[in-house]
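S.K.: One structure coming up, written as structure tokens, with questions to follow.
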Amino acid sequence: MMGFADWLPSMPPPAVQDRLASVSAAQIQRCLVAGSGPLRDAPLLFSTAARPHLEAMAARARAITLARFGRTMNLYAPLYLSNHCINQCAYCGFAAHRKIPRSSLSLDEAQQQAEHLIKQGIRHLLLVTGEAPARYGLDELCRVIERLRPLVASLAVEVFPCDLAGYRRLVSAGADGLVLYQETYDPDRYQEFHPRGPKRDFRARLEAMEAGGQAGFRSLGIGSLLGLTPTRVEACYLAWHCDHLSRAFPQARLAVSFPRLRPVSGGAPISHPLADADLVQFIVGMRLLFPDAEIVISTREPADLRDRILRLGVTRMSAGSRTSPGGYSDENLDQEAGQFAIDDQRSVAEVAKAIRAAGLDVVCKDFDPAFMAAQPGGKA
């Protein structure tokens, strides 16, 4: 099967913009009535022409989400293990050229941070590092995964891209989810935002997710950092990438995120801001295209917006997040060494209360470890 990196040049950004601009109201109506595959419908549902139909799209997205996921919302939290990084990404608080305190958690410190979250009810952890394998690499990651795996329902990783062998090591250690954002699918603009470091290799990063699929991760999470380039174009690429991964790895659950760029001192400006209504359009449009995909919303977004979109297609939310190593023990660390500023500052309990007030159940457990151990390649 052709890799997504090989397909991408056939649909350059100007061509996507042309397709978005040519969408008619009649096409939107037909799409909402008949439905179709994401390769054809993505530009329709993410276009400005679809905005007048947002209420109808949202109602359909609510119905699909209820049918597929029930009245549930999965809570997770990131656990930052290291902020050492050798990249110089223009938008990131961990970039190598930034003068911030650098640290990596020891094995015991990682467990202490995890236990802090577990006491608050979090059972799904996302382990995060900067990209500096020489300072914090696979050996350290595997030790943390093996230590934490018996304590939680699931462990996902958002770390430096690995090859197939590296990802297999993480799966064998007990990681069941992989998150890797391309940031932007425009290869030319990608180079501007990644001037130095291994992350500058656009193709290598794009292909890493396919290596993760081959390695056997149960969940594959992708996203585009919205605000760097034209957002509607990025939403189309994100849908096409999701379509490719769903066909290449049908055994994996796809998770899609729409992180909006948050300001970082001296960082890249938000040159393409995304309005709240447009973010809602992207979420409900993605739900119409991919009924069974997880849709993730993080604490980057303000509390009132997160509360308003609880029933519009989102199935997974972060809560009580900190974005620095050790941040759950010392909240001041985020001010000095956080990856980005979060907006929703509520505690896990406060977020859970808002979810229940919306008529949803908070899910703190996923697949039972005994069930996972019985699967091919599974590890309890």
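Residues are named by chain letter and number: chains run A, B, ... in the order of the structure tokens, numbers start at 1 in each chain, and ligands are numbered from 1 in the order shown.
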Identify, on the basis of only C-alpha atoms, every residue whose closest approach to Thr65 in chain A does not exceed 12 Å; exclude the query and any residue fewer than 5 positions from it along the same chain; express the result as a PDB file with C-alpha atoms, in the first residue's frame.
M.R.:
ATOM      1  CA  ALA A  58     -23.662  19.215  14.836  1.00  0.00           C
ATOM      2  CA  ALA A  59     -26.982  17.434  15.321  1.00  0.00           C
ATOM      3  CA  ARG A  60     -25.869  14.575  13.121  1.00  0.00           C
ATOM      4  CA  GLY A  70     -22.767   6.139  24.285  1.00  0.00           C
ATOM      5  CA  ARG A  71     -22.888   8.888  26.902  1.00  0.00           C
ATOM      6  CA  THR A  72     -19.235   8.599  27.863  1.00  0.00           C
ATOM      7  CA  MET A  73     -16.166  10.820  28.035  1.00  0.00           C
ATOM      8  CA  ILE A 283     -14.810  18.554  15.144  1.00  0.00           C
ATOM      9  CA  VAL A 284     -18.298  17.756  13.881  1.00  0.00           C
ATOM     10  CA  MET A 286     -14.459  14.876  11.394  1.00  0.00           C
ATOM     11  CA  ARG A 287     -17.108  12.948  13.310  1.00  0.00           C
ATOM     12  CA  LEU A 288     -19.276  12.739  10.182  1.00  0.00           C
ATOM     13  CA  LEU A 289     -16.316  11.459   8.187  1.00  0.00           C
ATOM     14  CA  PHE A 290     -15.038   9.011  10.815  1.00  0.00           C
ATOM     15  CA  PRO A 291     -17.867   7.730  13.035  1.00  0.00           C
ATOM     16  CA  ASP A 292     -15.596   5.422  15.057  1.00  0.00           C
ATOM     17  CA  ALA A 293     -12.576   7.677  15.566  1.00  0.00           C
ATOM     18  CA  GLU A 294     -11.732   9.157  18.936  1.00  0.00           C
ATOM     19  CA  ILE A 295     -11.817  12.961  18.860  1.00  0.00           C
ATOM     20  CA  LEU A 310     -18.871  18.042  25.217  1.00  0.00           C
ATOM     21  CA  ARG A 311     -21.692  16.452  23.234  1.00  0.00           C
ATOM     22  CA  LEU A 312     -20.659  17.429  19.708  1.00  0.00           C
ATOM     23  CA  GLY A 313     -18.339  14.553  18.860  1.00  0.00           C
ATOM     24  CA  VAL A 314     -15.503  14.777  21.385  1.00  0.00           C
ATOM     25  CA  THR A 315     -14.827  11.481  23.175  1.00  0.00           C
ATOM     26  CA  ARG A 316     -11.564  12.128  25.016  1.00  0.00           C
ATOM     27  CA  LEU A 360     -22.242  12.163  30.297  1.00  0.00           C
TER      28      LEU A 360
END
S.K.: Distance table requested - range 174-283 of chain A against range 337-356 of chain A, cut-off 8 Å, only C-alpha atoms: one row per qualifying residue with the closest atom pair and its distance in Å to one decimal, ordered by chain and rising residue number, as a Markdown table.
M.R.:
| residue | atom | partner | partner_atom | distance |
| --- | --- | --- | --- | --- |
| A:Arg262 | CA | A:Phe340 | CA | 6.4 |
| A:Pro263 | CA | A:Phe340 | CA | 7.3 |
| A:Val264 | CA | A:Phe340 | CA | 6.5 |
S.K.: When you look at range 40-50 of chain A with a cut-off of 7 Å (counting only C-alpha atoms), what residues show up, excluding the ones that are within fewer than 2 positions of it in the same chain? I need them as a PDB file with C-alpha atoms, in the first residue's frame.
M.R.:
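Okay, this is what ended up in out28.pdb:
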ATOM      1  CA  ARG A  19     -11.151  22.668  -3.891  1.00  0.00           C
ATOM      2  CA  LEU A  20     -12.271  24.391  -0.714  1.00  0.00           C
ATOM      3  CA  VAL A  23     -17.549  23.972  -2.797  1.00  0.00           C
ATOM      4  CA  SER A  24     -21.195  24.873  -3.375  1.00  0.00           C
ATOM      5  CA  ALA A  25     -24.215  24.853  -1.064  1.00  0.00           C
ATOM      6  CA  ILE A  28     -23.011  20.357   1.097  1.00  0.00           C
ATOM      7  CA  SER A  36     -19.570   9.635   1.285  1.00  0.00           C
ATOM      8  CA  GLY A  37     -15.940   8.755   1.855  1.00  0.00           C
ATOM      9  CA  PRO A  38     -13.497  11.236   3.440  1.00  0.00           C
ATOM     10  CA  PRO A  52     -24.437  27.820   7.356  1.00  0.00           C
ATOM     11  CA  HIS A  53     -25.069  24.092   7.840  1.00  0.00           C
ATOM     12  CA  LEU A  54     -23.174  23.863  11.119  1.00  0.00           C
ATOM     13  CA  ARG A 232      -9.125  24.581   6.550  1.00  0.00           C
ATOM     14  CA  ALA A 235      -8.146  19.995   8.421  1.00  0.00           C
ATOM     15  CA  CYS A 236      -8.444  18.387   4.983  1.00  0.00           C
ATOM     16  CA  ALA A 239      -8.852  13.840   7.438  1.00  0.00           C
ATOM     17  CA  GLN A 281     -17.016  22.796  12.459  1.00  0.00           C
ATOM     18  CA  PHE A 282     -13.808  20.773  12.212  1.00  0.00           C
ATOM     19  CA  GLY A 285     -17.056  17.405  10.302  1.00  0.00           C
TER      20      GLY A 285
END
S.K.: Name the residues of range 241-303 of chain A that fall into strand (DSSP E) according to DSSP on the backbone, using the chain letters and numbers of this document, as a PyMOL selection string.
M.R.: chain A and resi 253-257+294-297
